[in-house]
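Read the structure below first, then the notes.
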Amino acid sequence: MKQQTLKESFTLQGKGLHTGLNIEITFLPAPENHGYKIQRTDLEGTPIIDAVAENVAATQRGTVLSKQNVTVSTIEHAMAALYASEIDNCLIQVNAPEFPILDGSSKPYIECIDRVGIEEQNAEKDYYIIRNKIEVSDEESGSTIIALPDDHFSVSTMVLFNSPILNYQYASLEDMKNFSEEIASARTFVFVREIEPLLKNNLIKGGDLDNAIVIYDQKIEQSEFDRIADLMGVPHKNADELGFLNNRPLAFNNEPARHKLLDILGDIALIGKPIKGRIIATRPGHKINNLFARAIRKEVKRQEIQAPIYNPNKEPLMDVNRIKELLPHRYPMLLVDKVIEMGKNHIVGLKNFTSNEPFFQGHFPQEPVVPGVLLIEAMAQTGGLLVLNTVENPEAYSTYFMKIDNVKFRQKVVPGDTAIFHVSFMTELRRGCAYMKGYVFIGDKIATEAEFMAQIIKNK
C-alpha cells in the first residue's frame with residue numbers, strides 16, 4: 001500500500017459551532033511523509049500545528065489542538081473524513097480558531113474528497129499493527145477502548161446515557177470503504193439540559209437545529225423551554241413532547257452512536273499512522289479517544305519501526321534455493337534462510353539460528369552469542385536481495401558493502417532465536433549505490449540496527 005494525498009485542493013465555508021464566526025477552510029495536497037498539519041492563516045506568521053495526539057489540549061466539547069499558544073478546535077469531523085478516505089498527507093488552512101461545523105457531520109468533507117479525487121504517492125504506507133490487546137480506561141466517565149489484533153481495521157462502539165430518549169445504542173464499521181454511506185452523515189448531538197451551561201461557557205454560539213441533533217428528554221415548563229429556544233435563536237416547540245427537535249429527521253435510528261464512532265476515527269487520526277486492528281469502544285468520548293491515541297503514539301515513539309509479522313505457514317517469496325541463485329554466499333556465510341516480504345523499497349528476510357552454527361564453538365563456548373558482525377552481514381545480504389530486485393536478470397549482478405554507519409546492538413541473539421531482518425532504502429538508487437537502513441528483530445524487539453551503503457556491479 002502506498003501513501004495518498006488529495007489530487008486537488010478544495011475549500012469550504014461555514015460558521016463555527018462554538019465561536020459562531022464565518023470560517024473558510026482549505027484542504028491542500030501535501031508531500032510524502034507530511035502527515036496532517038493545520039495552518040492558521042488568520043494569525044501573524046501563519047503558524048502550523050502538527051495534528052498529533054500529544055498536541056491535544058482540551059477534549060470537553062470537541063478536540064482542541066494547541067501549540068505555542070496557537071489553538072484550533074472542532075477538528076474531529078474533518079480528520080475522520082481524511083482518515084476514512086485513507087489520505088495520509090494533507091495541509092489544512094483555516095482562518096479561525098476552529099473548523100466550521102457545516103451540517104455537524106463528515107459528509108461535506110467526504111463529498112469534496114470524492115469530487116477532487118485521491119492521488120497515490122511513491123512512499124509506502126506505514127501501518128501501526130495491533131499485536132496484543134491494548135486497553136485504555138477512564139474511571140471517572142466509565143469509558144474504555146480496547147484494541148485487539150486483526151488483519152484489517154474495524155470499529156465497534158456502544159453508548160449509554162441516563163436518558164429515556166437516548167439510552168443504549170450500538171454502531172460498527174467493518175470496512176472503511178463503507179464510511180461514506182454508513183457513518184459520514186451522522187451528526188453531532190446535544191441534550192437540551194446541556195445547552196444553557198454551554199452558552200454560559202461561551203460555547204455553541206453557532207449551534208442550531210440543522211447542524212446538531214438536539215435531544216429533549218426531561219420535561220420542563222413551557223416558559224423555560226421557550227427561553228432556551230430564544231437563547232439558541234430557534235423556533236419555539238411544545239414542551240410536552242419529548243424527542244428529537246431537529247429540522248430534519250435522523251439519518252439513522254442509531255445516529256448518535258454512529259457519530260460517536262465518527263469521533264473515534266477523527267481522534268485516532270491523530271496517531272499519525274493508520275491502524276490494523278479491531279477497536280471496541282464503550283461510552284467513548286474525546287477524552288478517552290485521545291488517551292488511546294496518546295498510548296499508541298508513545299509506543300510508536302519508543303520503537304520507530306514495528307517488527308514484521310512472520311507466519312511460518314505462509315509460503316515464502318524466496319526460499320533458500322532461490323536465494324542461492326541470487327547471492328554468491330555459501331555455508332557457513334549464507335545468513336538468510338528465506339524472504340517473507342518485499343516491496344519496492346523494503347524487504348523482510350529471516351534466519352533461524354541453531355546451536356549447530358559453527359561460530360558458536362568459539363563465540364562463546366559457555367555462553368553462545370551470534371557475533372554482531374554476522375548480524376550486520378545478514379542485514380547486508382538481505383539488502384543485497386532488495387537491490388538485485390531493482391534490475392533485470394539479477395543473477396548477473398552482485399552487491400558489495402561500501403560503508404556502515406550508526407550501528408547499535410541492543411540485545412543478544414542466541415541459539416534458538418529466529419532473527420527477522422527488515423531492510424529499506426533510505427534514498428533512491430543512484431549510480432548503482434544504495435543507502436539502506438536495516439533492523440534485526442527477535443520477537444517484537446529490535447536486537448540490532450545499522451545504516452549501510454552497498455554498490456551493485458555486473459559480474460564479469
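Scheme for the C-alpha cells: letters A, B, ... for chains in order shown; per-chain residue numbers from 1; ligand numbers from 1 in order shown.
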
Distance query A:Phe189 at most 12 Å, only C-alpha atoms, self and fewer than 6 positions along chain excluded, as a PyMOL selection string: chain A and resi 17+61-62+103-105+166+195+204+207-216+244-246+250+254-260+263

Strand (DSSP E) residues, from DSSP on the backbone, in stretch 92-195 of chain A, as a ChimeraX atom specification: /A:92-94,118-124,128-129,134-138,143-148,154-160,168-173,189-191

Just to be explicit: take each residue in the selection above, keep C-alpha atoms, and write the result as a compact mmCIF listing (two decimals), in the first residue's frame.
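Wrote it out as part_35.txt, contents follow:
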# COMPACT_ATOMS: atom_id res chain seq x y z
CA ILE A 92 -5.33 22.24 6.15
CA GLN A 93 -5.55 26.04 6.13
CA VAL A 94 -8.19 27.72 8.28
CA ILE A 118 -7.16 10.97 -4.28
CA GLU A 119 -3.63 10.61 -5.64
CA GLU A 120 -1.28 7.73 -4.86
CA GLN A 121 2.27 8.66 -3.85
CA ASN A 122 5.53 6.73 -4.07
CA ALA A 123 6.25 6.25 -0.37
CA GLU A 124 4.89 3.15 1.30
CA TYR A 128 0.57 0.54 13.19
CA ILE A 129 -0.38 -3.10 13.68
CA ILE A 134 -4.40 -2.77 24.37
CA GLU A 135 -6.88 -1.35 26.88
CA VAL A 136 -7.32 2.25 27.97
CA SER A 137 -9.95 3.27 30.52
CA ASP A 138 -11.22 6.34 32.34
CA SER A 143 -15.24 4.85 29.27
CA THR A 144 -12.99 2.16 27.81
CA ILE A 145 -11.30 1.50 24.50
CA ILE A 146 -9.92 -1.95 23.72
CA ALA A 147 -7.79 -2.72 20.65
CA LEU A 148 -7.42 -6.32 19.51
CA SER A 154 -12.74 -2.08 12.17
CA VAL A 155 -14.53 -0.19 14.95
CA SER A 156 -17.44 -1.05 17.24
CA THR A 157 -18.88 1.40 19.74
CA MET A 158 -21.51 1.25 22.48
CA VAL A 159 -23.05 4.36 24.06
CA LEU A 160 -25.11 4.54 27.24
CA TYR A 168 -28.24 2.25 24.86
CA GLN A 169 -27.08 2.32 21.23
CA TYR A 170 -24.53 0.33 19.24
CA ALA A 171 -22.75 1.05 15.94
CA SER A 172 -19.97 -0.63 13.99
CA LEU A 173 -17.86 -0.08 10.90
CA PHE A 189 -25.76 15.80 19.28
CA VAL A 190 -26.58 17.68 22.47
CA PHE A 191 -29.19 17.42 25.23

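Closest approach to A:His363 from the set A:Ile404, A:Ile288, A:Val391, A:Pro415 is made by A:Pro415, with distances taken over only C-alpha atoms.
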
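Residue nearest A:Leu335 within the list A:Val300, A:Met436, A:Val234, A:Ala419: A:Ala419 [criterion: smallest interatomic distance, only C-alpha atoms].
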
Non-local contacts of A:Asn393 (12 Å; only C-alpha atoms; under 4 positions in same chain excluded) as a PyMOL selection string: chain A and resi 325-326+388-389+397-398+458-459

Write the residues of the preceding selection, restricted to C-alpha atoms, as a PDB file, in the first residue's frame.
ATOM      1  CA  GLU A 325      20.698 -18.307  -7.294  1.00  0.00           C
ATOM      2  CA  LEU A 326      20.996 -14.588  -6.470  1.00  0.00           C
ATOM      3  CA  LEU A 388      19.008  -7.088  -7.031  1.00  0.00           C
ATOM      4  CA  ASN A 389      15.220  -6.846  -7.247  1.00  0.00           C
ATOM      5  CA  TYR A 397      24.895  -8.886 -10.689  1.00  0.00           C
ATOM      6  CA  SER A 398      26.492  -8.847  -7.243  1.00  0.00           C
ATOM      7  CA  LYS A 458      27.600  -6.552 -13.047  1.00  0.00           C
ATOM      8  CA  ASN A 459      29.511  -9.815 -12.853  1.00  0.00           C
TER       9      ASN A 459
END

Polymer residues at most 8 Å from stretch 264-278 of chain A, only C-alpha atoms, same-chain spacing of 4 or more positions, as a PyMOL selection string: chain A and resi 35-36+51-53+63+75-81+83-84+86+88+126-130+147-156+260+284-286+289-290+292-294+296-297

Take the residues that were just selected and, keeping C-alpha atoms, output them as a short mmCIF file (atom, residue, chain, number, x, y, z; two decimals), in the first residue's frame.
data_model
loop_
_atom_site.label_atom_id
_atom_site.label_comp_id
_atom_site.auth_asym_id
_atom_site.auth_seq_id
_atom_site.Cartn_x
_atom_site.Cartn_y
_atom_site.Cartn_z
CA GLY A 35 1.08 13.80 7.72
CA TYR A 36 -1.77 16.08 8.78
CA ALA A 51 -2.27 17.26 14.06
CA VAL A 52 -0.95 14.67 16.52
CA ALA A 53 -2.36 13.35 19.79
CA THR A 63 -10.92 18.05 20.11
CA ILE A 75 -11.24 19.31 14.09
CA GLU A 76 -12.62 15.79 14.54
CA HIS A 77 -15.20 15.67 11.71
CA ALA A 78 -12.66 16.74 9.08
CA MET A 79 -9.99 14.43 10.47
CA ALA A 80 -12.42 11.50 10.37
CA ALA A 81 -13.10 12.19 6.68
CA TYR A 83 -8.65 9.13 7.89
CA ALA A 84 -11.59 7.15 6.49
CA GLU A 86 -7.13 6.71 3.70
CA ASP A 88 -2.04 10.17 4.71
CA ASP A 126 3.21 2.80 7.36
CA TYR A 127 0.60 0.98 9.45
CA TYR A 128 0.57 0.54 13.19
CA ILE A 129 -0.38 -3.10 13.68
CA ILE A 130 -2.09 -4.12 16.90
CA ALA A 147 -7.79 -2.72 20.65
CA LEU A 148 -7.42 -6.32 19.51
CA PRO A 149 -5.26 -7.89 16.78
CA ASP A 150 -6.95 -8.26 13.40
CA ASP A 151 -5.79 -8.32 9.81
CA HIS A 152 -7.82 -5.22 8.91
CA PHE A 153 -9.26 -2.15 10.62
CA SER A 154 -12.74 -2.08 12.17
CA VAL A 155 -14.53 -0.19 14.95
CA SER A 156 -17.44 -1.05 17.24
CA LYS A 260 -19.52 8.67 18.39
CA PRO A 284 -16.42 6.78 24.18
CA GLY A 285 -15.70 10.48 24.18
CA HIS A 286 -12.91 12.75 23.04
CA ASN A 289 -10.16 8.67 22.39
CA ASN A 290 -7.18 10.93 22.99
CA PHE A 292 -5.89 5.81 23.43
CA ALA A 293 -4.22 7.78 20.63
CA ARG A 294 -1.52 9.00 23.03
CA ILE A 296 -0.28 4.31 20.61
CA ARG A 297 1.86 7.39 19.86
#

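Taking atom CA of A:Lys344 and atom CA of A:Arg330 as the two end points, the separation is 26.5 Å.
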
DSSP-assigned helix (DSSP H, G or I) among stretch 129-212 of chain A, expressed as a PyMOL selection string: chain A and resi 176-182+192-200

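In this comparison, which uses only C-alpha atoms, the residue of A:Met379, A:Leu231, A:Ala295, A:Ala450 approaching A:Arg410 most closely is A:Ala450.
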
Using only C-alpha atoms: which of A:Val336, A:Met232, A:Val440, A:Leu385 has the shortest distance to A:Gln411: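 Counting only C-alpha atoms, the residue closest to A:Gln411 is A:Val440.
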
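Of the listed residues (A:Glu304, A:Met333, A:Val423, A:Glu392), A:Val423 comes nearest to A:Gly349; the distances count only C-alpha atoms.
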
For A:Met453: contacts at 9 Å, only C-alpha atoms, fewer than 5 positions along chain excluded, given as a count of residues only: 12

Polymer residues at most 9 Å from A:Leu386, only C-alpha atoms, same-chain spacing of 5 or more positions, as a PyMOL selection string: chain A and resi 342-347+381+423-425

Given only C-alpha atoms as the counted atoms, nearest of A:Phe409, A:Phe225, A:Phe252, A:Phe364 to A:Glu182: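 The answer is A:Phe252, which sits nearest to A:Glu182.
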
Atomic separation - atom CA of A:Pro371 relative to atom CA of A:Ile340, Å: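 Rounded to one decimal, the two atoms are 23.7 Å apart.
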
Exercise: A:Leu242 partners within 10 Å, only C-alpha atoms, chain neighbours under 3 positions left out, as a ChimeraX atom specification: /A:164-165,215-219,238-239,245
